[in-house]
file my_file_26.txt (compact mmCIF, C-alpha atoms)
# COMPACT_ATOMS: atom_id res chain seq x y z
CA MET A 16 8.41 14.10 -6.86
CA GLY A 17 10.95 12.69 -9.34
CA ARG A 18 14.34 11.52 -8.21
CA GLY A 19 15.99 14.54 -9.87
CA GLN A 20 13.67 16.82 -7.94
CA GLY A 21 14.85 15.58 -4.53
CA VAL A 22 16.38 17.58 -1.74
CA THR A 23 19.43 19.61 -2.81
CA ILE A 24 22.21 21.42 -0.99
CA ARG A 25 20.38 24.65 -1.83
CA ASP A 26 17.31 23.40 0.07
CA VAL A 27 19.44 22.71 3.14
CA ALA A 28 21.15 26.11 2.89
CA ARG A 29 17.83 27.90 2.54
CA ARG A 30 16.24 26.09 5.49
CA ALA A 31 19.31 26.59 7.71
CA GLY A 32 19.77 30.23 6.71
CA VAL A 33 23.38 29.80 5.58
CA SER A 34 25.33 29.69 2.32
CA ILE A 35 25.83 26.60 0.15
CA THR A 36 29.51 26.71 1.05
CA ALA A 37 28.63 26.70 4.74
CA VAL A 38 26.49 23.60 4.25
CA SER A 39 29.33 21.83 2.47
CA HIS A 40 31.81 22.78 5.19
CA ALA A 41 29.43 21.76 7.98
CA LEU A 42 28.74 18.32 6.52
CA ASN A 43 32.37 17.63 5.62
CA GLY A 44 34.01 18.96 8.78
CA LYS A 45 35.79 21.79 7.01
CA GLY A 46 36.05 25.57 7.43
CA THR A 47 35.79 27.69 10.56
CA LEU A 48 32.07 27.48 11.29
CA SER A 49 30.92 27.62 14.89
CA GLU A 50 29.80 24.37 16.49
CA GLU A 51 26.31 25.83 16.82
CA THR A 52 26.10 26.46 13.06
CA ARG A 53 27.48 23.02 12.22
CA ALA A 54 24.94 21.39 14.49
CA ARG A 55 22.08 23.42 12.99
CA VAL A 56 23.07 22.54 9.42
CA LYS A 57 23.45 18.84 10.24
CA ALA A 58 20.05 18.82 11.95
CA VAL A 59 18.42 20.41 8.89
CA ALA A 60 20.20 17.98 6.55
CA ASP A 61 18.99 15.03 8.64
CA GLU A 62 15.46 16.41 8.73
CA LEU A 63 15.37 16.80 4.95
CA GLY A 64 17.16 13.49 4.30
CA TYR A 65 19.80 15.34 2.30
CA GLN A 66 22.86 13.35 3.29
CA ALA A 67 21.50 10.05 2.05
CA ASP A 68 20.15 11.54 -1.16
CA ALA A 69 23.40 13.36 -1.89
CA PHE A 70 25.37 10.14 -1.39
CA ALA A 71 22.97 8.30 -3.65
CA ARG A 72 23.28 10.87 -6.43
CA GLY A 73 27.06 10.62 -6.18
CA MET A 74 26.88 6.84 -6.53
CA ARG A 75 24.78 6.73 -9.66
CA GLN A 76 23.63 8.41 -12.81
CA GLY A 77 20.82 5.96 -13.57
CA SER A 78 19.71 2.46 -12.57
CA ILE A 79 21.99 0.45 -10.29
CA GLY A 80 20.09 -2.81 -10.73
CA ALA A 81 19.15 -3.10 -7.05
CA ILE A 82 15.90 -2.88 -5.13
CA GLY A 83 15.26 -2.52 -1.43
CA LEU A 84 13.16 -4.81 0.77
CA VAL A 85 11.54 -3.48 3.94
CA LEU A 86 9.94 -5.95 6.40
CA ARG A 87 7.46 -3.78 8.26
CA SER A 88 6.27 -6.46 10.67
CA LEU A 89 9.85 -6.96 11.86
CA ASP A 90 10.36 -3.17 12.05
CA ALA A 91 7.39 -3.04 14.42
CA LEU A 92 8.55 -6.14 16.28
CA GLY A 93 11.96 -4.60 16.91
CA ASP A 94 13.48 -8.05 16.31
CA TYR A 95 14.72 -9.10 12.87
CA THR A 96 15.29 -12.74 13.91
CA PRO A 97 12.17 -13.75 15.89
CA ALA A 98 12.40 -17.34 17.13
CA GLY A 99 10.31 -19.84 15.20
CA VAL A 100 9.01 -17.33 12.63
CA ASP A 101 10.23 -18.30 9.18
CA VAL A 102 7.87 -16.55 6.75
CA PHE A 103 10.03 -13.42 6.58
CA GLU A 104 13.24 -15.37 6.02
CA ARG A 105 11.51 -17.49 3.38
CA PHE A 106 10.17 -14.46 1.55
CA ALA A 107 13.50 -12.61 1.69
CA GLY A 108 15.32 -15.67 0.34
CA ILE A 109 12.79 -16.39 -2.38
CA VAL A 110 12.48 -12.80 -3.60
CA SER A 111 16.28 -12.49 -3.65
CA ALA A 112 16.66 -15.60 -5.82
CA ARG A 113 13.84 -14.49 -8.13
CA ALA A 114 15.38 -11.02 -8.41
CA LEU A 115 18.81 -12.41 -9.31
CA ALA A 116 17.18 -14.40 -12.11
CA LYS A 117 15.85 -11.10 -13.45
CA GLY A 118 19.22 -9.36 -13.22
CA LEU A 119 18.40 -7.51 -10.00
CA SER A 120 19.83 -7.68 -6.51
CA ILE A 121 17.96 -7.27 -3.23
CA THR A 122 19.09 -5.18 -0.26
CA LEU A 123 17.36 -5.55 3.11
CA VAL A 124 16.76 -2.10 4.56
CA PRO A 125 15.57 -1.28 8.11
CA ASP A 126 12.77 1.19 8.87
CA LEU A 127 13.31 4.22 6.61
CA THR A 128 11.60 6.50 9.11
CA ARG A 129 14.22 5.91 11.82
CA SER A 130 17.63 7.55 11.97
CA PRO A 131 20.25 6.86 10.93
CA VAL A 132 19.07 5.80 7.48
CA PRO A 133 21.65 3.66 5.62
CA PRO A 134 23.41 5.92 3.07
CA LEU A 135 22.47 3.70 0.10
CA ALA A 136 18.80 3.46 1.07
CA PHE A 137 17.62 6.13 -1.35
CA SER A 138 19.80 4.97 -4.23
CA MET A 139 17.66 1.85 -4.81
CA ASP A 140 15.81 1.65 -8.13
CA GLY A 141 12.65 0.68 -6.27
CA TYR A 142 11.30 -1.05 -3.17
CA ILE A 143 9.18 -3.94 -1.98
CA ILE A 144 7.42 -3.25 1.33
CA MET A 145 6.27 -6.39 3.14
CA SER A 146 3.17 -6.11 5.36
CA PRO A 147 2.73 -2.32 5.22
CA HIS A 148 0.88 -0.65 8.08
CA GLU A 149 -2.05 1.73 7.87
CA ASP A 150 -1.06 4.86 5.89
CA ASP A 151 2.47 3.50 6.11
CA PRO A 152 5.08 6.21 6.71
CA VAL A 153 7.74 4.23 4.82
CA ALA A 154 5.56 4.42 1.70
CA ALA A 155 5.21 8.15 2.29
CA VAL A 156 9.01 8.55 2.49
CA LEU A 157 9.46 6.74 -0.84
CA GLU A 158 6.72 8.77 -2.50
CA ARG A 159 8.31 12.04 -1.41
CA ARG A 160 11.53 10.93 -3.07
CA GLY A 161 9.88 9.61 -6.20
CA ILE A 162 11.08 6.04 -5.67
CA PRO A 163 8.72 3.40 -7.13
CA TYR A 164 7.51 0.69 -4.78
CA VAL A 165 5.14 -2.25 -4.53
CA THR A 166 3.79 -3.91 -1.40
CA TYR A 167 3.29 -7.46 -0.20
CA GLY A 168 -0.21 -6.87 1.18
CA LYS A 169 -2.38 -3.83 0.59
CA ILE A 170 -1.90 -0.61 2.53
CA PRO A 171 -4.82 -0.11 4.95
CA GLY A 172 -6.27 3.35 4.53
CA ARG A 173 -5.07 3.54 0.91
CA PRO A 174 -7.80 1.85 -1.18
CA GLU A 175 -6.67 3.76 -4.27
CA PHE A 176 -3.17 2.22 -4.19
CA PRO A 177 -3.14 -0.70 -6.68
CA HIS A 178 0.47 -1.89 -6.72
CA TRP A 179 0.30 -4.79 -4.29
CA ALA A 180 0.18 -8.56 -4.30
CA SER A 181 -0.90 -10.89 -1.52
CA GLU A 182 -2.49 -14.14 -0.59
CA ASP A 183 -6.27 -13.81 -0.66
CA ASP A 184 -6.63 -13.27 3.10
CA PRO A 185 -10.43 -12.88 3.18
CA PHE A 186 -10.78 -16.20 1.35
CA ALA A 187 -8.30 -17.83 3.74
CA ALA A 188 -10.24 -16.61 6.78
CA ARG A 189 -13.49 -17.99 5.39
CA GLN A 190 -11.80 -21.29 4.51
CA LEU A 191 -10.42 -21.76 8.01
CA LEU A 192 -13.71 -20.88 9.70
CA SER A 193 -15.48 -23.34 7.38
CA HIS A 194 -12.86 -25.94 8.35
CA PHE A 195 -13.80 -25.43 12.00
CA GLU A 196 -17.47 -25.62 11.17
CA ALA A 197 -17.08 -28.85 9.17
CA ALA A 198 -15.46 -30.41 12.26
CA GLY A 199 -18.47 -29.45 14.39
CA ALA A 200 -17.53 -26.05 15.83
CA ARG A 201 -20.37 -23.55 16.12
CA HIS A 202 -18.43 -20.96 18.06
CA ALA A 203 -14.86 -19.72 17.64
CA VAL A 204 -12.69 -16.96 19.06
CA LEU A 205 -10.10 -14.90 17.18
CA VAL A 206 -6.64 -14.12 18.57
CA SER A 207 -5.45 -11.15 16.54
CA GLY A 208 -2.19 -9.27 16.40
CA THR A 209 -2.00 -5.51 16.96
CA ASP A 210 -0.03 -4.50 13.85
CA THR A 211 -2.24 -2.26 11.72
CA ASN A 212 -1.78 -4.31 8.56
CA ALA A 213 -4.33 -5.68 6.11
CA TRP A 214 -3.72 -9.27 7.23
CA ASN A 215 -5.05 -8.59 10.74
CA ARG A 216 -7.80 -6.33 9.43
CA ASP A 217 -9.13 -8.74 6.80
CA PHE A 218 -9.29 -11.68 9.20
CA GLN A 219 -11.15 -9.56 11.76
CA ILE A 220 -13.66 -8.45 9.13
CA GLU A 221 -14.32 -12.01 7.95
CA TYR A 222 -14.52 -13.34 11.51
CA ARG A 223 -17.10 -10.71 12.48
CA ALA A 224 -19.12 -11.52 9.36
CA TRP A 225 -19.01 -15.24 10.23
CA CYS A 226 -20.19 -14.53 13.78
CA ALA A 227 -23.03 -12.34 12.48
CA ALA A 228 -24.12 -15.08 10.06
CA HIS A 229 -24.23 -17.58 12.93
CA GLY A 230 -25.89 -15.26 15.42
CA ILE A 231 -23.03 -15.33 17.93
CA THR A 232 -21.14 -12.58 19.73
CA PRO A 233 -17.58 -12.07 18.43
CA ARG A 234 -14.75 -12.69 20.89
CA ILE A 235 -11.55 -11.06 19.70
CA TYR A 236 -8.39 -11.10 21.81
CA GLU A 237 -5.73 -8.68 20.60
CA GLN A 238 -2.14 -9.40 21.56
CA SER A 239 1.02 -7.73 20.30
CA GLU A 240 2.98 -9.83 17.84
CA ARG A 241 6.13 -9.16 19.85
CA SER A 242 4.64 -10.99 22.87
CA GLY A 243 5.19 -14.36 21.17
CA VAL A 244 4.35 -17.60 22.96
CA ASP A 245 4.07 -15.84 26.33
CA GLY A 246 1.45 -13.54 24.84
CA GLY A 247 -0.44 -16.58 23.60
CA ARG A 248 -0.36 -18.08 27.10
CA ALA A 249 -1.82 -14.84 28.51
CA VAL A 250 -4.60 -14.96 25.92
CA GLY A 251 -5.22 -18.57 26.88
CA GLU A 252 -5.84 -17.47 30.47
CA ALA A 253 -8.31 -14.82 29.27
CA ILE A 254 -10.09 -17.40 27.11
CA LEU A 255 -10.42 -19.76 30.07
CA ALA A 256 -11.86 -16.95 32.19
CA ASP A 257 -14.44 -16.08 29.51
CA GLY A 258 -15.45 -19.64 28.72
CA VAL A 259 -13.81 -22.32 26.60
CA PRO A 260 -14.83 -22.05 22.91
CA GLU A 261 -15.06 -24.87 20.40
CA ALA A 262 -12.28 -23.36 18.29
CA ALA A 263 -9.62 -20.68 18.39
CA LEU A 264 -8.21 -19.00 15.29
CA CYS A 265 -4.84 -17.39 16.09
CA MET A 266 -3.13 -15.10 13.61
CA THR A 267 0.43 -16.21 14.49
CA GLY A 268 1.86 -19.64 15.15
CA ARG A 269 3.57 -18.38 18.31
CA HIS A 270 0.28 -17.17 19.79
CA ALA A 271 -1.43 -20.40 18.75
CA ALA A 272 1.23 -22.46 20.53
CA GLY A 273 0.86 -20.39 23.71
CA VAL A 274 -2.94 -20.61 23.70
CA GLN A 275 -2.79 -24.35 23.20
CA GLN A 276 -0.29 -24.82 26.05
CA THR A 277 -2.48 -22.88 28.49
CA LEU A 278 -5.67 -24.71 27.54
CA GLN A 279 -3.99 -28.11 27.80
CA ALA A 280 -2.46 -27.22 31.18
CA ALA A 281 -6.01 -26.47 32.38
CA GLY A 282 -7.20 -29.89 31.22
CA VAL A 283 -8.88 -28.75 28.01
CA GLY A 284 -8.52 -31.39 25.32
CA VAL A 285 -7.18 -30.30 21.92
CA PRO A 286 -8.86 -30.97 19.55
CA ALA A 287 -11.58 -32.89 21.45
CA GLN A 288 -12.92 -29.82 23.27
CA THR A 289 -11.23 -26.94 21.48
CA MET A 290 -9.65 -26.86 18.04
CA ILE A 291 -6.65 -24.57 17.44
CA ALA A 292 -5.44 -23.15 14.12
CA ALA A 293 -3.04 -20.45 12.95
CA ALA A 294 -3.34 -18.07 10.02
CA SER A 295 0.41 -18.39 9.34
CA ASP A 296 2.54 -21.49 9.62
CA SER A 297 5.68 -21.49 11.76
CA GLU A 298 8.01 -23.82 13.61
CA HIS A 299 5.90 -23.30 16.74
CA ALA A 300 2.81 -24.58 14.94
CA ARG A 301 4.60 -27.55 13.39
CA SER A 302 6.39 -28.64 16.58
CA SER A 303 3.43 -28.27 18.99
CA ARG A 304 1.76 -31.40 20.30
CA PRO A 305 -0.67 -31.84 18.79
CA ALA A 306 0.71 -30.10 15.70
CA ILE A 307 -1.32 -27.01 14.88
CA THR A 308 -3.31 -26.59 11.67
CA ALA A 309 -2.01 -23.55 9.78
CA PHE A 310 -1.88 -21.77 6.45
CA GLU A 311 1.30 -22.16 4.45
CA LEU A 312 1.74 -18.83 2.70
CA ASN A 313 2.74 -18.59 -0.95
CA PRO A 314 5.77 -16.28 -1.03
CA SER A 315 7.12 -17.71 -4.31
CA ARG A 316 4.09 -16.69 -6.34
CA CYS A 317 3.82 -13.34 -4.56
CA ALA A 318 7.52 -12.64 -5.14
CA ASP A 319 7.10 -13.24 -8.87
CA GLU A 320 4.06 -10.97 -9.05
CA LEU A 321 5.72 -8.19 -7.06
CA LEU A 322 8.93 -8.24 -9.07
CA GLU A 323 7.03 -8.20 -12.36
CA MET A 324 4.90 -5.31 -11.13
CA LEU A 325 7.93 -3.36 -9.93
CA GLN A 326 9.80 -3.90 -13.18
CA GLN A 327 6.80 -2.55 -15.08
CA LEU A 328 6.73 0.52 -12.84
CA LEU A 329 10.45 1.10 -13.35
CA ALA A 330 10.14 0.73 -17.12
CA SER A 331 6.98 2.71 -17.78
CA GLY A 332 5.55 4.06 -14.52
CA VAL A 333 2.46 1.88 -15.03
CA ALA A 334 1.64 -1.61 -13.72
CA GLU A 335 -1.50 -3.68 -13.38
CA GLY A 336 -2.55 -4.58 -9.85
CA PRO A 337 -3.49 -5.76 -7.35
CA ARG A 338 -2.70 -9.45 -7.76
CA LEU A 339 -3.95 -12.25 -5.51
CA THR A 340 -2.60 -15.73 -4.82
CA ARG A 341 -3.86 -18.51 -2.55
CA ALA A 342 -2.31 -19.82 0.66
CA ARG A 343 -2.47 -23.57 1.32
CA LEU A 344 -4.29 -24.86 4.37
CA ARG A 345 -2.28 -27.53 6.19
CA PRO A 346 -4.73 -29.50 8.37
CA ARG A 347 -2.98 -31.07 11.35
CA ALA A 348 -3.90 -32.90 14.53
CA SER A 349 -5.11 -29.79 16.39
CA THR A 350 -8.31 -29.75 14.30
CA ARG A 351 -8.71 -33.45 13.49
CA ARG A 352 -11.63 -34.83 15.44
CA GLU A 353 -12.22 -38.56 15.19
call {"tool": "encode", "arguments": {"input": "my_file_26.txt", "output": "structure tokens"}}
result
Amino acid sequence: MGRGQGVTIRDVARRAGVSITAVSHALNGKGTLSEETRARVKAVADELGYQADAFARGMRQGSIGAIGLVLRSLDALGDYTPAGVDVFERFAGIVSARALAKGLSITLVPDLTRSPVPPLAFSMDGYIIMSPHEDDPVAAVLERRGIPYVTYGKIPGRPEFPHWASEDDPFAARQLLSHFEAAGARHAVLVSGTDTNAWNRDFQIEYRAWCAAHGITPRIYEQSERSGVDGGRAVGEAILADGVPEAALCMTGRHAAGVQQTLQAAGVGVPAQTMIAAASDSEHARSSRPAITAFELNPSRCADELLEMLQQLLASGVAEGPRLTRARLRPRASTRRE
């Protein structure tokens, strides 16, 4: 649906069973409508997203030179400033600077599926969605309103969607498992998050393939990203109960730190008995003792690719994708065996 084909005051009036004038009066606090009618009209307007769209149309006739950024992992986390997690701040800062260089500005926008939606949310020229979830409802909202978007990471369940850029996560998973293997590990466990994003999915797929190739039974421990270091400690207890592996691949630095703390408290030597690594670097990984091997993501390159793709979509409706970059493995003491 094109932007000009969005929800109108007529749509609200038709759905609510009132006149256009009644809709205007209800939303602007005018007239002599009953409270019941005002409430019904406002509920319909909220349901259809009319208020935000109407405000947006009043603010602009064409491009406003601004794009929105939605951080889906933080939406799911319910915490936009998680301690020790810097990848989101780094990406937001980098993409903002890159956008300014292209004559665009960036606006951080919370979950578009939750009310109230910021009035300017649907006036953006386009959007970048970071870490979209399976069949992401935010993407669906933008599509219904005809707002172009690109994603940092593919959308699980949407193999036909091409407008995304990301680090090559399958390659990263294989590289880290090979790193374990080169240090002597023949068995590893995976500590995965529960967000339904491609990052978790791709690492699970590659881990299962690695286990199958080595004739071992996969051991996957799922823990909500919001559980942080405490969640990692709980996983560490489960790992101890099931038998200490030679390596543990944790998706987040916070979980990796918690797992390492629990294993060390139980007398397990790191890295002598068990190696620990994280799929994403963080302050928790860097400040742990021993420091934890982790992947340093490449938000600068991804930001450039996403902005270029989005500008092409805005200009012509067509863009080439997907586009892959490479994360950098930072080997640290947690996997260095003498």
call {"tool": "residues_around", "arguments": {"input": "my_file_26.txt", "residues": "stretch 202-218 of chain A", "least_positions_apart": "5", "cutoff": "6 Å", "atoms": "all atoms listed in the file", "output": "PDB file with C-alpha atoms, in the coordinates of the input"}}
result
ATOM      1  CA  PRO A 147       2.730  -2.320   5.220  1.00  0.00           C
ATOM      2  CA  HIS A 148       0.880  -0.650   8.080  1.00  0.00           C
ATOM      3  CA  GLU A 149      -2.050   1.730   7.870  1.00  0.00           C
ATOM      4  CA  PRO A 171      -4.820  -0.110   4.950  1.00  0.00           C
ATOM      5  CA  PRO A 185     -10.430 -12.880   3.180  1.00  0.00           C
ATOM      6  CA  ALA A 188     -10.240 -16.610   6.780  1.00  0.00           C
ATOM      7  CA  ARG A 234     -14.750 -12.690  20.890  1.00  0.00           C
ATOM      8  CA  ILE A 235     -11.550 -11.060  19.700  1.00  0.00           C
ATOM      9  CA  TYR A 236      -8.390 -11.100  21.810  1.00  0.00           C
ATOM     10  CA  GLU A 237      -5.730  -8.680  20.600  1.00  0.00           C
ATOM     11  CA  GLN A 238      -2.140  -9.400  21.560  1.00  0.00           C
ATOM     12  CA  SER A 239       1.020  -7.730  20.300  1.00  0.00           C
ATOM     13  CA  GLU A 240       2.980  -9.830  17.840  1.00  0.00           C
ATOM     14  CA  PRO A 260     -14.830 -22.050  22.910  1.00  0.00           C
ATOM     15  CA  GLU A 261     -15.060 -24.870  20.400  1.00  0.00           C
ATOM     16  CA  ALA A 262     -12.280 -23.360  18.290  1.00  0.00           C
ATOM     17  CA  ALA A 263      -9.620 -20.680  18.390  1.00  0.00           C
ATOM     18  CA  LEU A 264      -8.210 -19.000  15.290  1.00  0.00           C
ATOM     19  CA  CYS A 265      -4.840 -17.390  16.090  1.00  0.00           C
ATOM     20  CA  MET A 266      -3.130 -15.100  13.610  1.00  0.00           C
TER      21      MET A 266
END
call {"tool": "residues_around", "arguments": {"input": "my_file_26.txt", "residues": "A:Arg29", "least_positions_apart": "6", "cutoff": "12 Å", "atoms": "only C-alpha atoms", "output": "ChimeraX atom specification"}}
result
/A:22-23,35-38,56,59-60,63
call {"tool": "residues_around", "arguments": {"input": "my_file_26.txt", "residues": "A:Glu104", "least_positions_apart": "6", "cutoff": "12 Å", "atoms": "all atoms listed in the file", "output": "list in words"}}
result
Leu84, Leu86, Leu89, Tyr95, Thr96, Pro97, Ala98, Val110, Ser111, Leu123, Met145, Ser297 and Pro314 of chain A
call {"tool": "write_last_selection", "arguments": {"input": "my_file_26.txt", "atoms": "C-alpha atoms", "output": "PDB file, in the coordinates of the input"}}
result
ATOM      1  CA  LEU A  84      13.160  -4.810   0.770  1.00  0.00           C
ATOM      2  CA  LEU A  86       9.940  -5.950   6.400  1.00  0.00           C
ATOM      3  CA  LEU A  89       9.850  -6.960  11.860  1.00  0.00           C
ATOM      4  CA  TYR A  95      14.720  -9.100  12.870  1.00  0.00           C
ATOM      5  CA  THR A  96      15.290 -12.740  13.910  1.00  0.00           C
ATOM      6  CA  PRO A  97      12.170 -13.750  15.890  1.00  0.00           C
ATOM      7  CA  ALA A  98      12.400 -17.340  17.130  1.00  0.00           C
ATOM      8  CA  VAL A 110      12.480 -12.800  -3.600  1.00  0.00           C
ATOM      9  CA  SER A 111      16.280 -12.490  -3.650  1.00  0.00           C
ATOM     10  CA  LEU A 123      17.360  -5.550   3.110  1.00  0.00           C
ATOM     11  CA  MET A 145       6.270  -6.390   3.140  1.00  0.00           C
ATOM     12  CA  SER A 297       5.680 -21.490  11.760  1.00  0.00           C
ATOM     13  CA  PRO A 314       5.770 -16.280  -1.030  1.00  0.00           C
TER      14      PRO A 314
END
call {"tool": "closest_residue", "arguments": {"input": "my_file_26.txt", "among": "A:Asp101, A:Glu353, A:Asp319, A:Glu158", "to": "A:Leu115", "atoms": "all atoms listed in the file"}}
result
A:Asp319
call {"tool": "atom_distance", "arguments": {"input": "my_file_26.txt", "atom1": "atom CA of A:Val100", "atom2": "atom CA of A:Ser303"}}
result
13.8 Å
call {"tool": "closest_residue", "arguments": {"input": "my_file_26.txt", "among": "A:Gln275, A:Ser49, A:Gln219, A:Thr232", "to": "A:Gly247", "atoms": "only C-alpha atoms"}}
result
A:Gln275
call {"tool": "residues_around", "arguments": {"input": "my_file_26.txt", "residues": "A:His40", "least_positions_apart": "3", "cutoff": "12 Å", "atoms": "all atoms listed in the file", "output": "PyMOL selection string"}}
result
chain A and resi 24+28+33-37+43-50+52-54+56-57
call {"tool": "atom_distance", "arguments": {"input": "my_file_26.txt", "atom1": "atom CA of A:Leu127", "atom2": "atom CA of A:Ala155"}}
result
10.0 Å
call {"tool": "atom_distance", "arguments": {"input": "my_file_26.txt", "atom1": "atom CA of A:Ser349", "atom2": "atom CA of A:Ala292"}}
result
7.0 Å
call {"tool": "residues_around", "arguments": {"input": "my_file_26.txt", "residues": "A:Tyr164", "least_positions_apart": "3", "cutoff": "8 Å", "atoms": "all atoms listed in the file", "output": "list in words"}}
result
Gly141, Tyr142, Ile143, Ile144, Ala154, Leu157, His178 and Leu325 of chain A
call {"tool": "closest_residue", "arguments": {"input": "my_file_26.txt", "among": "A:Pro337, A:Pro233, A:Gly80, A:Gly258", "to": "A:Phe176", "atoms": "only C-alpha atoms"}}
result
A:Pro337
call {"tool": "closest_residue", "arguments": {"input": "my_file_26.txt", "among": "A:Arg316, A:Arg173, A:Arg55, A:Glu252", "to": "A:Gly32", "atoms": "all atoms listed in the file"}}
result
A:Arg55
call {"tool": "closest_residue", "arguments": {"input": "my_file_26.txt", "among": "A:Ala256, A:Val165, A:Ala348, A:Val285", "to": "A:Gly332", "atoms": "only C-alpha atoms"}}
result
A:Val165
call {"tool": "closest_residue", "arguments": {"input": "my_file_26.txt", "among": "A:Asp151, A:Glu182, A:Asp245, A:Glu298", "to": "A:Gly268", "atoms": "all atoms listed in the file"}}
result
A:Glu298
